[in-house]
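Trainee: Have a look at the structure that comes next, please.
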Amino acid sequence: MRLLRWEAMCAVVAFALTQTFLLVPGPYAMAIFTFIAQPLFAIVAVGYLVKVKADLRNRGLQRR
């Protein structure tokens, strides 16, 4: 988990922004969800996949 520290923090922030939009739907909350939360989820996913791929390569379990 310590290797995914920034990914976890970004995911927590994105989930909090999403929850804000779900509880108080409005134009500002929707803009924050659309332009901040969704890209954060994408950044987290890419960061996680990059680290998983590097870990598999280091362990010799990934095909080249």
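Chain identifiers are assigned as A, B, and so on, following the order in which chains appear in the structure tokens; residues are numbered from 1 within each chain, and ligands are numbered from 1 in order of appearance.
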Which residues come within 7 Å of A:Phe33, counting only C-alpha atoms, excluding same-chain residues fewer than 3 positions away, as JSON, numbers by chain?

Mentor: {"A": [17, 18, 21, 29, 30, 36, 37, 38]}

Trainee: Please compute the atom CA of A:Leu23-atom CA of A:Trp6 distance, one decimal, in Å.

Mentor: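 So the answer is 25.7 Å.
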
Trainee: Could you tell me how far atom CA of A:Gln19 lies from atom CA of A:Leu40, in Å and to one decimal?

Mentor: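 Here the two named atoms are 14.1 Å from each other.
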
Trainee: Please compute the atom CA of A:Pro25-atom CA of A:Gly47 distance, one decimal, in Å.

Mentor: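 One can read the atom CA of A:Pro25 to atom CA of A:Gly47 distance as 29.1 Å.
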
Trainee: Any idea what's packed within 8 Å of A:Tyr48, counting only C-alpha atoms, ignoring anything in its chain fewer than 4 positions away? Could you give it as a count of residues only?

Mentor: 4
